[in-house]
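File shown: entry01.cif. Contents: mmCIF, C-alpha atoms.
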data_structure
#
loop_
_atom_site.label_atom_id
_atom_site.label_comp_id
_atom_site.auth_asym_id
_atom_site.auth_seq_id
_atom_site.Cartn_x
_atom_site.Cartn_y
_atom_site.Cartn_z
CA MET A 1 -13.66 1.51 -30.63
CA ILE A 2 -13.57 -1.94 -32.18
CA SER A 3 -16.10 -2.60 -34.97
CA PRO A 4 -17.41 -6.08 -35.90
CA GLY A 5 -15.48 -5.98 -39.17
CA SER A 6 -12.11 -5.05 -37.67
CA ARG A 7 -9.16 -7.40 -37.54
CA SER A 8 -8.67 -9.82 -34.68
CA LEU A 9 -7.29 -8.18 -31.54
CA GLN A 10 -4.02 -9.73 -30.40
CA LEU A 11 -3.98 -9.61 -26.59
CA PRO A 12 -1.23 -10.67 -24.22
CA ALA A 13 -2.58 -13.49 -22.18
CA PHE A 14 -2.40 -14.80 -18.76
CA SER A 15 -1.86 -18.24 -17.36
CA VAL A 16 -4.53 -17.57 -14.74
CA SER A 17 -8.20 -17.68 -15.70
CA PRO A 18 -10.29 -14.58 -14.79
CA PHE A 19 -13.06 -16.99 -13.83
CA PRO A 20 -12.41 -18.43 -10.35
CA HIS A 21 -13.63 -21.97 -11.03
CA LYS A 22 -12.72 -22.45 -14.66
CA SER A 23 -9.42 -23.39 -16.23
CA VAL A 24 -7.90 -21.46 -19.11
CA GLN A 25 -8.92 -24.28 -21.44
CA SER A 26 -12.57 -24.16 -20.35
CA VAL A 27 -12.68 -20.39 -20.82
CA ARG A 28 -11.29 -20.75 -24.34
CA SER A 29 -13.99 -23.27 -25.16
CA ASN A 30 -16.61 -20.53 -24.87
CA ASN A 31 -15.13 -18.93 -28.04
CA ILE A 32 -16.47 -15.52 -27.01
CA CYS A 33 -14.34 -12.38 -26.92
CA ALA A 34 -15.66 -9.52 -24.78
CA CYS A 35 -14.55 -7.02 -27.42
CA SER A 36 -16.77 -8.36 -30.26
CA PRO A 37 -20.47 -9.15 -30.66
CA GLN A 38 -21.54 -12.75 -30.20
CA SER A 39 -22.68 -12.78 -33.83
CA ASN A 40 -19.05 -12.43 -34.93
CA PRO A 41 -17.00 -14.14 -32.20
CA ARG A 42 -13.25 -13.76 -31.87
CA ARG A 43 -11.07 -16.42 -30.34
CA ILE A 44 -8.35 -15.24 -27.99
CA HIS A 45 -5.09 -17.06 -28.58
CA ALA A 46 -3.07 -16.52 -25.44
CA PRO A 47 0.34 -17.67 -24.35
CA THR A 48 0.29 -19.85 -21.28
CA THR A 49 2.85 -17.83 -19.31
CA LEU A 50 3.12 -14.22 -18.12
CA SER A 51 6.58 -12.75 -18.63
CA ARG A 52 8.23 -10.54 -16.05
CA ARG A 53 8.19 -7.65 -18.56
CA ASN A 54 4.43 -7.96 -19.07
CA LEU A 55 3.89 -8.17 -15.31
CA LEU A 56 5.86 -4.97 -14.74
CA ALA A 57 3.95 -3.20 -17.52
CA ILE A 58 0.61 -4.19 -16.02
CA THR A 59 1.69 -3.12 -12.55
CA ALA A 60 2.85 0.28 -13.85
CA ALA A 61 -0.43 0.79 -15.71
CA ILE A 62 -2.46 0.08 -12.57
CA ALA A 63 -0.30 2.42 -10.49
CA ALA A 64 -0.63 5.21 -13.06
CA THR A 65 -4.42 5.10 -12.89
CA THR A 66 -4.68 4.96 -9.10
CA ALA A 67 -5.62 8.29 -7.52
CA LEU A 68 -3.73 9.46 -4.46
CA PRO A 69 -5.81 10.04 -1.33
CA GLU A 70 -6.46 13.67 -0.46
CA GLN A 71 -4.34 13.59 2.71
CA SER A 72 -1.24 12.60 0.73
CA PHE A 73 -1.01 16.05 -0.84
CA ALA A 74 1.23 18.63 0.80
CA LEU A 75 -0.31 21.04 3.30
CA THR A 76 0.19 24.47 1.74
CA LYS A 77 -0.50 27.94 3.11
CA LYS A 78 -2.88 28.61 0.22
CA ARG A 79 -4.94 25.53 1.05
CA ILE A 80 -5.03 26.45 4.73
CA LEU A 81 -6.21 30.00 4.07
CA ALA A 82 -8.95 28.71 1.77
CA LYS A 83 -10.52 26.88 4.72
CA ALA A 84 -9.53 29.23 7.55
CA GLY A 85 -11.93 31.12 9.76
CA PRO A 86 -11.88 34.83 10.67
CA LEU A 87 -8.69 36.59 11.77
CA VAL A 88 -8.17 36.93 15.52
CA GLU A 89 -5.72 39.60 16.74
CA LEU A 90 -4.00 39.28 20.11
CA PRO A 91 -2.49 42.14 22.18
CA SER A 92 1.00 40.63 21.67
CA GLY A 93 0.81 41.21 17.91
CA VAL A 94 0.26 37.52 17.19
CA THR A 95 -2.72 36.75 14.97
CA TYR A 96 -4.35 33.45 14.09
CA ARG A 97 -7.07 31.79 12.05
CA ASP A 98 -8.70 28.53 13.10
CA VAL A 99 -8.98 26.00 10.30
CA THR A 100 -10.35 23.13 12.39
CA ILE A 101 -11.82 23.52 15.88
CA GLY A 102 -10.65 20.71 18.14
CA LYS A 103 -12.93 18.88 20.53
CA GLY A 104 -10.33 17.57 22.96
CA TYR A 105 -8.60 19.09 25.97
CA GLU A 106 -7.21 22.62 26.07
CA PRO A 107 -3.54 22.70 27.17
CA ARG A 108 -2.54 24.47 30.37
CA ASN A 109 0.91 25.69 31.36
CA GLY A 110 3.12 22.74 32.29
CA ASP A 111 1.21 20.18 30.22
CA THR A 112 3.13 18.04 27.74
CA VAL A 113 1.76 18.49 24.24
CA ALA A 114 2.54 17.03 20.83
CA ILE A 115 1.99 18.95 17.61
CA HIS A 116 2.60 18.80 13.91
CA TYR A 117 3.73 22.10 12.46
CA SER A 118 4.66 23.67 9.15
CA LEU A 119 6.73 26.87 9.13
CA PHE A 120 6.05 29.33 6.30
CA TYR A 121 7.89 32.47 5.27
CA LYS A 122 5.57 34.32 2.91
CA ASP A 123 4.31 31.47 0.67
CA LEU A 124 7.37 29.24 1.10
CA GLU A 125 7.30 26.24 3.43
CA VAL A 126 10.63 26.40 5.24
CA GLU A 127 10.32 23.30 7.40
CA SER A 128 7.72 20.84 8.61
CA SER A 129 7.34 18.06 11.14
CA ARG A 130 4.86 16.41 8.78
CA GLU A 131 7.63 15.22 6.49
CA SER A 132 11.39 15.10 6.80
CA GLN A 133 13.23 14.50 3.54
CA GLY A 134 11.00 11.58 2.65
CA LEU A 135 11.18 9.98 6.09
CA ALA A 136 8.23 9.29 8.35
CA ALA A 137 6.62 12.31 9.98
CA SER A 138 7.81 13.06 13.51
CA PRO A 139 5.57 15.16 15.81
CA LEU A 140 7.15 17.81 18.03
CA GLY A 141 6.67 17.44 21.77
CA PHE A 142 7.22 20.24 24.29
CA THR A 143 6.06 21.64 27.61
CA PHE A 144 3.24 24.08 27.06
CA GLY A 145 4.11 27.55 28.34
CA ALA A 146 7.88 26.91 28.47
CA THR A 147 9.76 29.38 26.25
CA SER A 148 13.35 28.62 27.26
CA GLY A 149 15.44 25.62 28.15
CA PRO A 150 14.81 21.94 27.30
CA GLY A 151 11.31 21.10 26.17
CA SER A 152 10.48 24.67 25.19
CA ILE A 153 9.22 26.33 22.03
CA MET A 154 9.29 29.92 20.78
CA ARG A 155 6.97 32.22 22.66
CA GLY A 156 4.97 33.31 19.62
CA VAL A 157 3.76 29.75 19.00
CA THR A 158 2.67 29.25 22.61
CA VAL A 159 0.82 32.58 22.60
CA GLY A 160 -0.89 31.69 19.33
CA MET A 161 -1.96 28.28 20.65
CA GLU A 162 -3.88 29.74 23.61
CA GLY A 163 -7.41 28.38 23.54
CA MET A 164 -6.65 25.56 21.09
CA ARG A 165 -8.05 22.11 21.77
CA VAL A 166 -6.72 18.70 20.82
CA GLY A 167 -7.72 17.91 17.25
CA GLY A 168 -7.54 21.53 16.14
CA LEU A 169 -5.59 23.07 13.27
CA ARG A 170 -4.62 26.74 13.46
CA LEU A 171 -2.59 29.09 11.26
CA ILE A 172 -0.59 31.36 13.57
CA THR A 173 1.15 34.51 12.32
CA VAL A 174 4.07 35.53 14.53
CA PRO A 175 5.80 38.94 14.40
CA PRO A 176 9.62 38.96 14.32
CA GLU A 177 10.07 39.95 17.98
CA LEU A 178 8.28 36.74 19.04
CA ALA A 179 9.83 34.62 16.29
CA TYR A 180 13.41 34.73 15.00
CA GLY A 181 14.09 38.42 15.68
CA ALA A 182 16.81 40.38 13.93
CA LYS A 183 18.87 37.24 13.38
CA GLY A 184 16.33 35.41 11.25
CA LYS A 185 16.66 31.75 10.34
CA ALA A 186 19.29 31.15 7.69
CA PRO A 187 19.24 30.63 4.83
CA LEU A 188 15.56 31.19 3.99
CA ILE A 189 14.20 33.59 6.61
CA PRO A 190 15.90 37.00 6.82
CA GLY A 191 16.03 39.06 9.99
CA ASN A 192 12.99 40.96 11.25
CA SER A 193 10.57 38.73 9.34
CA THR A 194 7.01 37.77 10.17
CA VAL A 195 6.41 34.03 9.85
CA ASP A 196 3.44 31.67 9.88
CA PHE A 197 3.03 28.36 11.69
CA ALA A 198 0.33 25.86 10.74
CA VAL A 199 -0.11 23.94 14.00
CA SER A 200 -2.09 20.73 14.52
CA LEU A 201 -2.55 19.89 18.22
CA LEU A 202 -2.27 16.10 18.45
CA SER A 203 -2.26 15.34 22.16
CA CYS A 204 -2.06 16.83 25.63
CA LYS A 205 -0.93 15.15 28.86
CA ARG A 206 -1.54 16.89 32.13
CA ALA A 207 1.30 18.30 34.23
CA GLY A 208 2.21 16.15 37.24
CA THR A 209 1.55 12.87 35.46
CA ASN A 210 4.00 10.56 33.74
CA PRO A 211 4.02 11.79 30.12
CA SER A 212 4.86 8.30 28.87
CA SER A 213 2.28 6.51 31.01
CA MET A 214 -0.33 4.56 29.10
CA ALA A 215 -1.87 3.00 32.24
CA ASN A 216 -2.85 6.18 34.08
CA PRO A 217 -5.99 7.61 32.45
CA LYS A 218 -5.39 10.97 34.15
CA ALA A 219 -2.20 11.32 32.14
CA GLN A 220 -4.10 10.95 28.89
CA ALA A 221 -5.85 14.11 27.75
CA TYR A 222 -6.81 13.75 24.11
#

Written as structure tokens, that's how I'd like the structure from this file.
Amino acid sequence: MISPGSRSLQLPAFSVSPFPHKSVQSVRSNNICACSPQSNPRRIHAPTTLSRRNLLAITAAIAATTALPEQSFALTKKRILAKAGPLVELPSGVTYRDVTIGKGYEPRNGDTVAIHYSLFYKDLEVESSRESQGLAASPLGFTFGATSGPGSIMRGVTVGMEGMRVGGLRLITVPPELAYGAKGKAPLIPGNSTVDFAVSLLSCKRAGTNPSSMANPKAQAY
């Protein structure tokens, strides 16, 4: 805190006036410093140029005090469980918890869907489509219900996605026989391991329509 009897404050100055319609000279003529009472005014003596070093320092200070938006934080299993609904057990051994209930279409076998997913082994995130070594996120597209061949996905994920709607987020727990089996997924997932998938259903396009068509409204099922 600056008291009226303290020494003059030496501030770096700017060649641009903070007042939109006044020059630096006209601002100085007011002889009022915002950091001291008007009864004991302080004149600000400011250089007329802003050095590159000062500019970088100011930019860094602003960046350091800017809060990151909530969605920029990593999606962790702990955060998902904190918001997840009740556990649902399926006859296959797959279980799931809905985090967000979607309001869009429900995929049917043969539909083309796009998802974001994060794969967890215990509390460790093994891989994710949401981020790829600092590159832009890349959703995963596949044919719903296909468990082998091109455009397929492991059976445990498809089983766990039954009943999901576009816009939903679900944490799916897959037993080893419907996941990576005895082989596991080197180097982080050993054989015969249960894994978790956090799946966000982004879009669904009906079977029999052109998946890349933007003109046919029947192909768009969001």

Residues matched by the PyMOL selection byres ((chain A and resi 95) around 7), written as a PyMOL selection string: chain A and resi 87-90+93-94+96+160+172-174

Just give me the gap between atom CA of Leu140 of chain A and atom CA of Tyr117 of chain A in Å, one decimal is fine.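 According to the coordinates, atom CA of Leu140 of chain A and atom CA of Tyr117 of chain A are separated by 7.8 Å.
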
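Nearest residue to Pro139 of chain A among A:Gly102, A:Ala114, A:Val126, A:Thr158 is A:Ala114, counting only C-alpha atoms.
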
To one decimal place in Å, what is the distance between atom CA of Ile101 of chain A and atom CA of Leu202 of chain A? 12.4 Å

For a quick check of understanding, using all atoms listed in the file, which of A:Gly184, A:Asp196, A:Val113, A:Gly167 has the smallest distance to Lys78 of chain A?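 Checking each of A:Gly184, A:Asp196, A:Val113, A:Gly167 against Lys78 of chain A, counting all atoms listed in the file, the winner is A:Asp196.
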
Nearest to Val199 of chain A: which of A:Pro91, A:Gly110, A:Gly168, A:Gly181 is it, counting only C-alpha atoms?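 With only C-alpha atoms as the atom set, the closest residue is A:Gly168.
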
Which one of A:Tyr105, A:Thr76, A:Ala82, A:Thr143 sits closest to Ala207 of chain A if you count all atoms listed in the file? A:Thr143

Here is a test: counting only C-alpha atoms, which residue of A:Pro176, A:Glu125, A:Asp111, A:Arg79 is nearest to Gly151 of chain A?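 Checking each of A:Pro176, A:Glu125, A:Asp111, A:Arg79 against Gly151 of chain A, counting only C-alpha atoms, the winner is A:Asp111.
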